[in-house]
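Note: the block below is coords.csv and it holds CSV, C-alpha atoms.
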chain,number,residue,atom,x,y,z
A,1,MET,CA,29.5,-48.4,10.0
A,2,ARG,CA,27.3,-47.6,13.0
A,3,LEU,CA,30.1,-48.9,15.3
A,4,VAL,CA,32.6,-46.7,13.7
A,5,ARG,CA,30.4,-43.6,14.0
A,6,SER,CA,29.8,-44.4,17.6
A,7,ARG,CA,33.5,-44.6,18.3
A,8,ILE,CA,34.1,-41.3,16.6
A,9,ALA,CA,31.2,-39.7,18.4
A,10,ALA,CA,32.5,-41.0,21.7
A,11,GLY,CA,36.0,-39.8,21.0
A,12,ALA,CA,34.8,-36.3,20.1
A,13,ILE,CA,32.7,-36.1,23.3
A,14,LEU,CA,35.7,-37.1,25.4
A,15,LEU,CA,37.9,-34.5,23.7
A,16,ILE,CA,35.4,-31.7,24.3
A,17,ALA,CA,35.0,-32.7,27.9
A,18,ALA,CA,38.8,-32.8,28.4
A,19,ALA,CA,39.1,-29.4,26.8
A,20,LEU,CA,36.6,-27.9,29.1
A,21,VAL,CA,38.2,-29.3,32.2
A,22,ALA,CA,41.7,-28.4,31.2
A,23,CYS,CA,40.9,-24.8,30.6
A,24,GLY,CA,40.4,-24.0,34.3
A,25,THR,CA,37.6,-22.0,36.0
A,26,ALA,CA,38.5,-18.5,35.1
A,27,THR,CA,35.9,-16.9,32.8
A,28,VAL,CA,35.5,-13.6,31.0
A,29,PRO,CA,32.3,-11.8,30.1
A,30,PRO,CA,31.2,-12.5,26.5
A,31,SER,CA,31.9,-9.7,24.1
A,32,ASP,CA,28.7,-10.1,22.1
A,33,SER,CA,26.5,-8.1,24.5
A,34,ALA,CA,25.0,-11.3,25.9
A,35,GLY,CA,23.8,-11.5,29.5
A,36,ALA,CA,26.4,-11.4,32.2
A,37,ASP,CA,25.5,-14.8,33.3
A,38,ARG,CA,26.7,-16.3,30.1
A,39,GLU,CA,30.3,-16.4,31.0
A,40,ASP,CA,31.0,-19.6,29.1
A,41,VAL,CA,34.3,-18.5,27.5
A,42,THR,CA,37.4,-19.3,29.6
A,43,ALA,CA,40.4,-17.1,29.7
A,44,ALA,CA,42.5,-19.7,27.9
A,45,GLU,CA,40.1,-19.7,24.9
A,46,THR,CA,40.0,-16.1,24.1
A,47,THR,CA,42.0,-16.7,21.0
A,48,PRO,CA,40.9,-19.2,18.4
A,49,GLY,CA,43.1,-22.2,18.3
A,50,ASP,CA,44.6,-21.7,21.7
A,51,ASP,CA,43.3,-25.2,22.7
A,52,VAL,CA,45.1,-27.0,19.9
A,53,PRO,CA,48.7,-28.2,20.5
A,54,LEU,CA,51.2,-26.7,18.1
A,55,ASP,CA,52.5,-30.1,17.1
A,56,GLU,CA,49.1,-31.6,16.3
A,57,SER,CA,48.4,-32.4,12.7
A,58,PRO,CA,44.9,-32.5,11.2
A,59,GLY,CA,43.2,-35.7,12.0
A,60,ASP,CA,45.5,-36.6,14.9
A,61,ASP,CA,42.6,-36.4,17.4
A,62,VAL,CA,40.3,-38.6,15.3
A,63,VAL,CA,39.9,-42.2,16.3
A,64,SER,CA,41.1,-44.4,13.5
A,65,SER,CA,38.6,-46.6,11.9
A,66,ASP,CA,38.5,-50.3,12.6
A,67,VAL,CA,37.4,-51.0,9.1
A,68,PRO,CA,40.2,-52.0,6.8
A,69,GLY,CA,40.7,-49.6,3.9
A,70,ASP,CA,40.2,-52.2,1.2
A,71,ARG,CA,36.7,-53.2,2.4
A,72,VAL,CA,33.5,-51.8,0.9
A,73,VAL,CA,31.4,-50.4,3.7
A,74,ALA,CA,27.7,-50.2,3.3
A,75,MET,CA,26.2,-46.8,3.9
A,76,ASP,CA,23.4,-46.3,6.4
A,77,THR,CA,20.0,-45.9,4.9
A,78,VAL,CA,19.0,-42.3,5.2
A,79,ILE,CA,15.3,-41.7,5.3
A,80,VAL,CA,14.1,-38.2,4.3
A,81,ASP,CA,10.6,-36.8,4.2
A,82,ALA,CA,8.9,-36.9,0.9
A,83,VAL,CA,9.4,-33.7,-1.0
A,84,ASP,CA,7.3,-32.1,-3.6
A,85,VAL,CA,9.5,-32.5,-6.7
A,86,ARG,CA,7.5,-29.7,-8.3
A,87,SER,CA,9.2,-27.3,-5.8
A,88,MET,CA,12.7,-28.4,-6.9
A,89,ASP,CA,14.5,-26.5,-9.6
A,90,ALA,CA,13.8,-28.2,-12.9
A,91,PRO,CA,14.1,-27.2,-16.5
A,92,PRO,CA,11.1,-25.2,-17.7
A,93,ALA,CA,8.5,-27.2,-19.5
A,94,ASP,CA,8.1,-26.6,-23.3
A,95,THR,CA,5.1,-24.3,-23.5
A,96,THR,CA,5.0,-23.6,-27.2
A,97,ALA,CA,3.6,-25.8,-29.9
A,98,GLY,CA,5.7,-26.7,-32.9
A,99,ALA,CA,5.3,-25.3,-36.4
A,100,TYR,CA,1.8,-25.1,-37.7
A,101,PRO,CA,0.8,-28.4,-39.4
A,102,PRO,CA,1.0,-28.3,-43.2
A,103,GLY,CA,-2.0,-28.5,-45.5
A,104,PRO,CA,-4.1,-29.3,-47.4
A,105,TYR,CA,-6.5,-27.3,-45.2
A,106,GLY,CA,-10.2,-27.6,-45.0
A,107,ILE,CA,-13.3,-27.2,-42.8
A,108,MET,CA,-14.6,-30.8,-42.6
A,109,GLU,CA,-14.0,-33.2,-39.8
A,110,GLY,CA,-10.6,-34.8,-40.2
A,111,GLN,CA,-9.1,-31.9,-42.1
A,112,VAL,CA,-6.6,-29.4,-40.8
A,113,LEU,CA,-8.0,-26.0,-40.1
A,114,ALA,CA,-6.1,-23.2,-41.9
A,115,ASN,CA,-3.9,-20.8,-39.9
A,116,LEU,CA,-5.3,-17.3,-40.2
A,117,ASP,CA,-4.1,-14.1,-38.6
A,118,TRP,CA,-6.5,-11.6,-37.0
A,119,VAL,CA,-6.6,-8.6,-34.8
A,120,GLY,CA,-8.5,-8.4,-31.5
A,121,TYR,CA,-8.3,-9.2,-27.8
A,122,VAL,CA,-6.4,-12.2,-26.6
A,123,ASN,CA,-8.0,-13.3,-23.4
A,124,THR,CA,-6.6,-16.6,-22.0
A,125,ALA,CA,-7.4,-16.0,-18.3
A,126,GLY,CA,-11.1,-15.5,-18.9
A,127,THR,CA,-11.5,-13.3,-15.8
A,128,ALA,CA,-12.3,-10.0,-17.5
A,129,ILE,CA,-14.3,-8.6,-20.3
A,130,SER,CA,-12.1,-8.8,-23.4
A,131,THR,CA,-12.4,-5.1,-24.3
A,132,THR,CA,-10.5,-4.3,-21.1
A,133,LEU,CA,-7.4,-6.0,-22.5
A,134,PRO,CA,-4.9,-4.8,-25.1
A,135,PHE,CA,-6.0,-4.9,-28.8
A,136,GLY,CA,-3.5,-6.3,-31.2
A,137,PRO,CA,-2.5,-8.9,-33.7
A,138,THR,CA,-2.7,-12.6,-33.2
A,139,SER,CA,-3.1,-15.8,-35.2
A,140,LEU,CA,-4.4,-19.3,-34.8
A,141,GLN,CA,-0.8,-20.5,-34.5
A,142,ALA,CA,-0.2,-18.0,-31.7
A,143,LEU,CA,-3.3,-19.1,-29.9
A,144,ARG,CA,-2.3,-22.8,-29.9
A,145,GLY,CA,-0.2,-22.3,-26.9
A,146,SER,CA,1.5,-25.5,-25.9
A,147,GLY,CA,-0.4,-27.5,-28.5
A,148,ARG,CA,-2.0,-29.7,-25.9
A,149,GLY,CA,-5.7,-30.4,-25.6
A,150,PHE,CA,-8.5,-29.2,-27.6
A,151,GLY,CA,-9.5,-25.8,-28.9
A,152,ILE,CA,-12.9,-24.3,-29.8
A,153,VAL,CA,-13.1,-22.0,-32.8
A,154,HIS,CA,-16.4,-20.2,-33.3
A,155,VAL,CA,-17.3,-18.0,-36.2
A,156,SER,CA,-20.1,-15.5,-35.8
A,157,GLU,CA,-21.7,-12.6,-37.5
A,158,PHE,CA,-22.8,-9.2,-36.3
A,159,ILE,CA,-26.3,-8.5,-37.4
B,1,MET,CA,-8.2,-22.5,-26.3
B,2,VAL,CA,-11.4,-20.7,-27.1
B,3,VAL,CA,-11.5,-18.3,-30.0
B,4,GLU,CA,-14.5,-16.2,-31.1
B,5,ILE,CA,-14.1,-14.8,-34.6
B,6,LEU,CA,-16.5,-12.0,-35.6
B,7,GLU,CA,-16.2,-12.6,-39.4
B,8,THR,CA,-18.8,-10.4,-40.9
B,9,ASN,CA,-21.2,-7.5,-40.2
B,10,ALA,CA,-24.3,-8.2,-42.2
B,11,PHE,CA,-22.1,-9.9,-44.7
B,12,GLY,CA,-19.7,-7.0,-44.8
B,13,PRO,CA,-16.3,-6.4,-43.2
B,14,VAL,CA,-16.1,-5.9,-39.5
B,15,SER,CA,-14.7,-2.8,-37.8
B,16,ARG,CA,-13.2,-2.5,-34.4
B,17,THR,CA,-16.3,-0.7,-33.3
B,18,ASP,CA,-18.4,-3.7,-34.3
B,19,LEU,CA,-16.0,-6.0,-32.4
B,20,ASP,CA,-16.2,-3.9,-29.2
B,21,ALA,CA,-19.9,-3.8,-29.4
B,22,TRP,CA,-20.1,-7.6,-29.9
B,23,ILE,CA,-17.9,-8.2,-26.9
B,24,ASN,CA,-19.6,-5.6,-24.6
B,25,THR,CA,-23.1,-6.7,-25.5
B,26,PHE,CA,-22.4,-10.3,-24.5
B,27,ARG,CA,-19.7,-9.5,-22.0
B,28,LEU,CA,-17.4,-12.0,-23.6
B,29,PRO,CA,-14.4,-13.0,-21.4
B,30,ILE,CA,-12.8,-15.0,-24.2
B,31,THR,CA,-10.3,-14.3,-27.0
B,32,THR,CA,-12.4,-12.4,-29.6
B,33,VAL,CA,-10.9,-11.3,-32.9
B,34,MET,CA,-11.7,-10.1,-36.4
B,35,ASP,CA,-10.0,-10.0,-39.8
B,36,PRO,CA,-7.3,-7.4,-40.0
B,37,PRO,CA,-7.9,-4.4,-42.3
B,38,GLY,CA,-7.3,-5.0,-46.0
B,39,VAL,CA,-8.0,-8.7,-46.3
B,40,GLY,CA,-11.7,-8.5,-46.9
B,41,LEU,CA,-13.9,-11.3,-45.6
B,42,ARG,CA,-11.0,-13.8,-45.4
B,43,THR,CA,-12.3,-15.8,-42.4
B,44,PHE,CA,-15.7,-16.0,-43.9
B,45,MET,CA,-14.2,-17.3,-47.2
B,46,THR,CA,-12.0,-19.8,-45.4
B,47,TYR,CA,-14.0,-21.1,-42.5
B,48,GLY,CA,-17.5,-20.7,-43.8
B,49,ILE,CA,-20.7,-19.2,-42.7
B,50,ARG,CA,-21.5,-18.2,-39.2
B,51,GLU,CA,-22.7,-20.2,-36.2
B,52,THR,CA,-20.1,-22.8,-37.0
B,53,VAL,CA,-17.9,-24.2,-34.3
B,54,PHE,CA,-14.8,-26.3,-34.9
B,55,ILE,CA,-13.3,-28.4,-32.2
B,56,VAL,CA,-9.7,-28.9,-33.1
B,57,ASP,CA,-6.9,-31.1,-31.7
B,58,LEU,CA,-4.3,-28.5,-30.8
B,59,ALA,CA,-1.5,-30.9,-31.5
B,60,THR,CA,-2.4,-31.5,-35.1
B,61,MET,CA,-5.0,-28.8,-35.7
B,62,ARG,CA,-7.3,-31.4,-37.2
B,63,ILE,CA,-11.0,-30.8,-36.9
B,64,VAL,CA,-12.3,-33.3,-34.4
B,65,ARG,CA,-15.9,-32.2,-34.5
B,66,ARG,CA,-17.8,-29.6,-36.4
B,67,PHE,CA,-21.1,-28.1,-35.3
B,68,ASN,CA,-23.4,-25.9,-37.3
B,69,GLY,CA,-26.0,-24.0,-35.4
B,70,SER,CA,-29.1,-22.5,-36.9
B,71,VAL,CA,-28.6,-19.2,-38.7
B,72,ALA,CA,-32.3,-18.5,-37.8
B,73,GLY,CA,-31.5,-18.8,-34.2
B,74,ILE,CA,-33.7,-21.8,-33.6
B,75,GLY,CA,-32.6,-24.8,-31.6
B,76,PRO,CA,-29.4,-25.4,-29.7
B,77,SER,CA,-26.5,-23.1,-30.7
B,78,ALA,CA,-23.3,-24.6,-32.1
B,79,ILE,CA,-21.3,-23.5,-29.1
B,80,ALA,CA,-23.6,-25.2,-26.7
B,81,GLN,CA,-23.2,-28.4,-28.6
B,82,ALA,CA,-19.5,-28.0,-28.8
B,83,VAL,CA,-18.9,-27.3,-25.1
B,84,THR,CA,-20.7,-30.6,-24.2
B,85,GLU,CA,-18.5,-32.4,-26.7
B,86,VAL,CA,-15.3,-30.9,-25.5
B,87,MET,CA,-16.1,-31.9,-21.9
B,88,ARG,CA,-16.6,-35.4,-23.2
B,89,LEU,CA,-13.4,-35.4,-25.1
B,90,MET,CA,-11.5,-34.2,-22.0
B,91,GLY,CA,-13.0,-37.0,-20.0
B,92,GLY,CA,-15.5,-35.0,-18.2
Whole structure, structure tokens version:
Amino acid sequence: MRLVRSRIAAGAILLIAAALVACGTATVPPSDSAGADREDVTAAETTPGDDVPLDESPGDDVVSSDVPGDRVVAMDTVIVDAVDVRSMDAPPADTTAGAYPPGPYGIMEGQVLANLDWVGYVNTAGTAISTTLPFGPTSLQALRGSGRGFGIVHVSEFI
Amino acid sequence: MVVEILETNAFGPVSRTDLDAWINTFRLPITTVMDPPGVGLRTFMTYGIRETVFIVDLATMRIVRRFNGSVAGIGPSAIAQAVTEVMRLMGG
């Protein structure tokens, strides 16, 4: 495969070199406001395709492969830098817990804590005093989030 | 998840004023809630008396550990005990 690529590359280089030589020495100033010293466009190449013979078919200028068509050719190993897969597009992770577990409910270790709804301040970031946040309804189910890890539920009294 | 539930005010229902005072007095930066109007002392009747902490497995909502602090305010609080336990459960 490397030998084939080398032949193709060499053929392409020869073609480019031949095109440059065949087009003569006459030059015209570039039309893209580049410097006057950049007169790299020859008069014969002012129109795209001028350097392509009219009777040439696509692929005619490509050196034919020396590998028979019925052979399986091994691909070159391509080494790429390790990428952070977290930066690639991926399906969003499931961030919600399932339905609240069924009862019976209780308050002893091993039992399922009942799902109650309340009103108050939901503060998951923990970076501000809670009264600075919106006041509204919530529930134990809503506060479960993704359902991963542990939660602390503290009951207190205002005296 | 950390939830602070102000369940009673001297064994009576809690108002929003009570809740705000509770939060501002202790400058709480956690989710703090109360029973909605019209349900009486529902949390107190369901979860029990104050100074109780439940550590729950959020996947199953089962109570992993329960701590009762002193209602007289003597000794370690329930939340202090719970935080240590949660850190242990999380491998800390």
Q. Neighbours of range 37-45 of chain B within 8 Å (only C-alpha atoms; same-chain residues fewer than 4 positions away dropped), as an MDAnalysis selection string?
A. (chainID A and resid 116) or (chainID B and resid 7:8 12:13 49:50)
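We find CA of Asn68 in chain B and CA of Leu133 in chain A to be spaced 29.5 Å apart.
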Q) Of the candidates A:Asn115, A:Gly106, A:Gly136, A:Val155, which shows the shortest atom-to-atom distance to chain B, using all atoms listed in the file? A)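 Nearest candidate to chain B out of A:Asn115, A:Gly106, A:Gly136, A:Val155: A:Val155.
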Q.
Set the cut-off to 8 Å and count all atoms listed in the file: what are the residues of chain B that reach chain A? Output as a ChimeraX atom specification.
A. /B:1-11,18-20,22-24,27-36,43,46-66,79,82,86,90
Q. Between CA of Arg88 in chain B and CA of Phe67 in chain B, what is the spacing in Å?
A.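 Value for the CA of Phe67 in chain B-CA of Arg88 in chain B distance: 14.8 Å.
If you look at CA of Leu89 in chain B and CA of Gly75 in chain B, they are 22.9 Å away from each other.
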